[in-house]
Amino acid sequence: MTHAYTPGLRLAQKLQIRKSRNLPLPGDVIVKKGDMVKSGDIVARTNLPGKVHSVNVINRLAILPNDLRKNMLKKEGDSVVKDETIAETKPFIKMFKSICLSPITGIIETVSDITGQVLLREPPKPVQISAYIDGKVVETIENEGVVIETNATFVQGIFGIGGETTGELQIIVNSPDDIVKPEDIKETHRGKIIAGGSIIYSDAIKKALETGVKGIVVGGIRDKEINELLGYDLGVAITGSEDINITIIITEGFGQIRMAQKTFDILSQREGSVASINGATQIRAGVVRPEIIIPYSNEDSSDISAESKSPAGEESAGISIGDQVRIIRNPNFGMLGNVKSLPSELRTIETEARARVLEVEFPDGKTAIVPRANIEAIKT
Amino acid sequence: MTENFNVIVATDCGSTTTKAILIEKKGNEYRQTFRGEAPTTVEAPFEDVTRGVLNAFAELEELSGRKILDGEKIITPAKENIGVDIYISTSSAGGGLQMMVAGAVLTMSAQSAQKAALGAGAIVMDVIASNDKRLPHEKIERIRDLRPDMILLSGGTDGGTVSHVVELAEFIGAASPRPRLGMTFQLPVIYAGNKDARDRVNDVLKDKTALRITDNLRPKLERENLGPARQEIQNLFLEHVMAHAPGYKKLMTWTGVPIMPTPSAVGEMMQAIARKENINVVGVDIGGATTDVFSVFGGVFNRTVSANFGMSYSISNVIAETGIENIMKWLPFELEEADIRNRIKNKMIRPTTIPQLLEDLILEHAIAREALRLSFVQHKALAVGLKGVQKQKDISESFDRAAEEETLIEMNRLDLIVGSGGVLSHAPRRSQAMMMMIDAFQPHGVTMIAVDSIFMMPHLGVLSTINEKAATEVFEKDCLIYLGPCISLTNSGKHGSHCLDCVITYSDGNKRKESLLFGELKVFELGEREKAEVEVTPAKKFDLGEGKGQKITKEVTGGVVGLVIDARGRPFDLQEGKGKEPMDKVLSKWNTAYDAYPE
């Protein structure tokens, strides 16, 4: 059978998921292999080196670099507190004495008799890594982190903003076509993740922020709303660290696009469960897409034969006749259909470019010729 | 020895695809014969670049009928239809070579350091200088946060400042930067500054970094010496960066000469062609994430990389930088701004899609013009003479704008513009590439425009280091597609006024006479390798590079698009004729002149 290779976003009712939780610098892992953890539990911690401050002591004291050491009251490695004197001159007449104070509480890191510069470092800053998903610790990597395994519903979005968050999933529209309106967002949605619909506009996002909603999962969004929320025009799709008090994940693309029925159905079935979501997106080599992970509780997962597959990254897989695909470029952007044929020869498309194409049949029986580069597989 | 290679296989391991070409000696000349490509396999799940190389070879074997591999081993030397004489490669996979540079003064040693890094094929993530107006702790945090592949530290002429350079070394030491790849290794730092500060820099950095010391890249204010620093960058690129990238250790044992960073190889090719033809060249490679611009003027080579101007991953950044109105002005039809923004963002999040609708193609061409224009502006700002050198200026020079005053890119002396990258090389009609390049680069006087047919400049660049003859032969015969010459005004005037008369005398003696009004553009037939004499007489207020009203007579060679006479003035202002004629009509007229799009 003819095949085409195409990227696709993962969508699975039940999947065995493994998540690595790694420290940015070596530190301590505080859970053991076999431990059951909740999303908020701390699994590893470390200290990030403190901020460095510099003081040009020779300029402050009006001395020569060679005289620096004999005027220093502190040496490398000494602790200092803010506004403590770290260097002073020793003139014959005391009133001409100059002093130099520490700008921070921390330690003296280096003293340079070339530049006259003293570098001071603030105390280390503790960093903790949480489990992010409910599950079992299946691997610990000494000083680095852990791997947590869980059986969960897994949905990849196409783009997101905002980082990791956790909350109960609530569907707030009746159909994947609906627009998410401000009146759909109620006080009961505080601390929750709301999902569904084809688009959300500024007024509803504002309401969600005021209400204290933790995350929004929706089919599409306009570029305008993202700009307003971030306060700048997003140039490159590397996101996840925005400080916006909410995580937004779009499943289809920019503009008003109906959420894929399967995505809507799967999310609807898991309504009421706790979801862990992350808007982090990186569209460069080594693609990272936003994710929605809804773990099953132990009792629920016992009778589930989860597919044992790592969801990491976007996959390239073969497309065959009959497979369900989503069209990801105009015309027919966002429409779902099934592959009817996979002609092997190049075809001339409207732009006059010669491209490999496939024929898609839509649910109403109509068909369209689409470049293979412009579809993505819907993986279930 | 190098002259004896008859069969050469070359790859370029890009971020997304690995492209392999076969070059064979046919009779007395080298020709590129076959091409294969496969997805690059640096990322998970493969994490071994050689898988993609082997896949590209397999396609090449299938197409050429030549057996290249024995299992996973390259067969050498070539005998009849088996094996190759040498395998060479370039690489930009995994984000290429990412560097940070530091120097005492932003516009002097730091700028020279930046040029050395760019010339060696790096993306410069940041330039740290003693006078860059950032506070010390901000510099330290920046160094720590960026995680470059290596740092180039310069500063001070020989015998000049020591303290500023040591201060920068102290910042680097305090940051304890970690390399992007190979977590357990120390970050390579190259010191190429004042030789009197070497011992001090060594004391500060020897325990904290993998320090290399090389000749000062700015030994005197009037002199740059970038060669040793560039060489050291390339050595470290192989030893540290490549050696830690997945599969490269194996790949390095396969190649007959060291693997080069892709942009460095393209730069080699540009220099080889400028040398051979004794011409001034500007080259551009517009990719999905970055746009590289190269220039060789009077033998001086410069390269810049605009790290966030591209046609897919960085497409949205082009709009953020230029403003949506600068994209919309190129569209000969109405589209809602919100719709355009959404389309662009959708391309960003699904970078591998291709335009299927004509209006989407025209929109991408509009964005490409702006990406090229912005990248060229950045290039002109960096391709400058040495600052800090005293020069005598006359009063008129003092009034010129700073960037134009110092740039080495004199548009009047530019002979050839070479375009490369998907949007130019794979434009459905060649005239579209010519149109985009003329609109973006705005050549003055007579300039030849060409495109790289299938993006083989990197392969030829590395080949040029071992066999320049083979590289330039293939470049001219198989790589370059000459689109045609462009004759342009060098000044501006009143829209619709009589601007120039031209007489084209073809090689068969036929003549064609035309007159153009200011704001017009015409394309005349002149096929590939076909020669014609062109006599253009500008009206008395217009200039073609020889002075106002001065006639030019040139023999020009044609290309696949033809001869373009561009009477839209310089700087080319699209809004010039606004109000006199609807813009969509003006744009449509130009598009029709090029026969750029289907009706």
# chains A, B, ... in the order shown; residues from 1 in each chain; ligands from 1
call {"tool": "select_by_dssp", "arguments": {"residues": "range 88-262 of chain A", "states": "alpha helix (DSSP H)", "output": "list of chain:residue names"}}
result
A:Ser202, A:Asp203, A:Ala204, A:Ile205, A:Lys206, A:Lys207, A:Ala208, A:Leu209, A:Glu210, A:Thr211, A:Asp223, A:Lys224, A:Glu225, A:Ile226, A:Asn227, A:Glu228, A:Leu229, A:Leu230, A:Gln261, A:Lys262
call {"tool": "residues_around", "arguments": {"residues": "Lys206 in chain A", "least_positions_apart": "6", "cutoff": "10 Å", "atoms": "only C-alpha atoms", "output": "ChimeraX atom specification"}}
result
/A:182,212,229
call {"tool": "residues_around", "arguments": {"residues": "range 71-74 of chain B", "least_positions_apart": "5", "cutoff": "10 Å", "atoms": "only C-alpha atoms", "output": "list in words"}}
result
Val9, Thr50, Arg51, Leu54, Phe57, Gly83, Val84, Asp85, Ile86, Tyr87, Trp254 and Thr255 of chain B
call {"tool": "interface_residues", "arguments": {"of": "chain A", "to": "chain B", "cutoff": "8 Å", "atoms": "only C-alpha atoms", "output": "number ranges by chain"}}
result
A: 51-54, 114-115, 117, 119, 158-159, 222-224, 233-237, 253-255, 283-286, 328-331, 349-354, 370-371, 373-374
call {"tool": "atom_distance", "arguments": {"atom1": "CA of Lys67 in chain B", "atom2": "CA of Asn81 in chain B"}}
result
6.6 Å
call {"tool": "atom_distance", "arguments": {"atom1": "CA of Glu277 in chain B", "atom2": "CA of Glu222 in chain B"}}
result
28.5 Å
call {"tool": "atom_distance", "arguments": {"atom1": "CA of Glu47 in chain B", "atom2": "CA of Lys250 in chain B"}}
result
12.3 Å
call {"tool": "residues_around", "arguments": {"residues": "range 534-536 of chain B", "least_positions_apart": "4", "cutoff": "10 Å", "atoms": "only C-alpha atoms", "output": "ChimeraX atom specification"}}
result
/B:487,500-506,511-515,544,549-556,563,565
call {"tool": "write_last_selection", "arguments": {"atoms": "C-alpha atoms", "output": "mmCIF file, in the first residue's frame"}}
result
data_model
loop_
_atom_site.group_PDB
_atom_site.id
_atom_site.type_symbol
_atom_site.label_atom_id
_atom_site.label_comp_id
_atom_site.auth_asym_id
_atom_site.auth_seq_id
_atom_site.Cartn_x
_atom_site.Cartn_y
_atom_site.Cartn_z
ATOM 1 C CA ILE B 487 19.336 48.014 -14.802
ATOM 2 C CA LEU B 500 14.707 57.106 -19.573
ATOM 3 C CA ASP B 501 15.045 55.836 -23.151
ATOM 4 C CA CYS B 502 16.713 52.576 -23.964
ATOM 5 C CA VAL B 503 17.909 50.811 -27.078
ATOM 6 C CA ILE B 504 18.596 47.083 -26.889
ATOM 7 C CA THR B 505 20.686 45.702 -29.751
ATOM 8 C CA TYR B 506 20.459 41.908 -29.875
ATOM 9 C CA LYS B 511 16.967 46.488 -32.130
ATOM 10 C CA ARG B 512 14.276 47.323 -29.623
ATOM 11 C CA LYS B 513 13.584 50.860 -28.454
ATOM 12 C CA GLU B 514 11.564 51.776 -25.371
ATOM 13 C CA SER B 515 10.848 54.729 -23.143
ATOM 14 C CA LEU B 544 21.969 55.331 -13.646
ATOM 15 C CA GLY B 549 21.503 62.539 -17.508
ATOM 16 C CA GLN B 550 24.585 60.427 -18.320
ATOM 17 C CA LYS B 551 24.023 57.666 -20.851
ATOM 18 C CA ILE B 552 25.294 54.142 -20.125
ATOM 19 C CA THR B 553 26.176 51.571 -22.750
ATOM 20 C CA LYS B 554 26.837 48.019 -21.607
ATOM 21 C CA GLU B 555 27.033 44.570 -23.034
ATOM 22 C CA VAL B 556 24.825 42.368 -20.882
ATOM 23 C CA LEU B 563 16.519 41.902 -18.853
ATOM 24 C CA ILE B 565 14.808 47.833 -16.464
#
call {"tool": "select_by_dssp", "arguments": {"residues": "range 292-397 of chain B", "states": "strand (DSSP E or B)", "output": "PyMOL selection string"}}
result
chain B and resi 292-297+300-306+384
call {"tool": "closest_residue", "arguments": {"among": "A:Arg372, A:Lys38, A:Lys32, A:Arg45", "to": "Glu144 in chain A", "atoms": "only C-alpha atoms"}}
result
A:Arg45
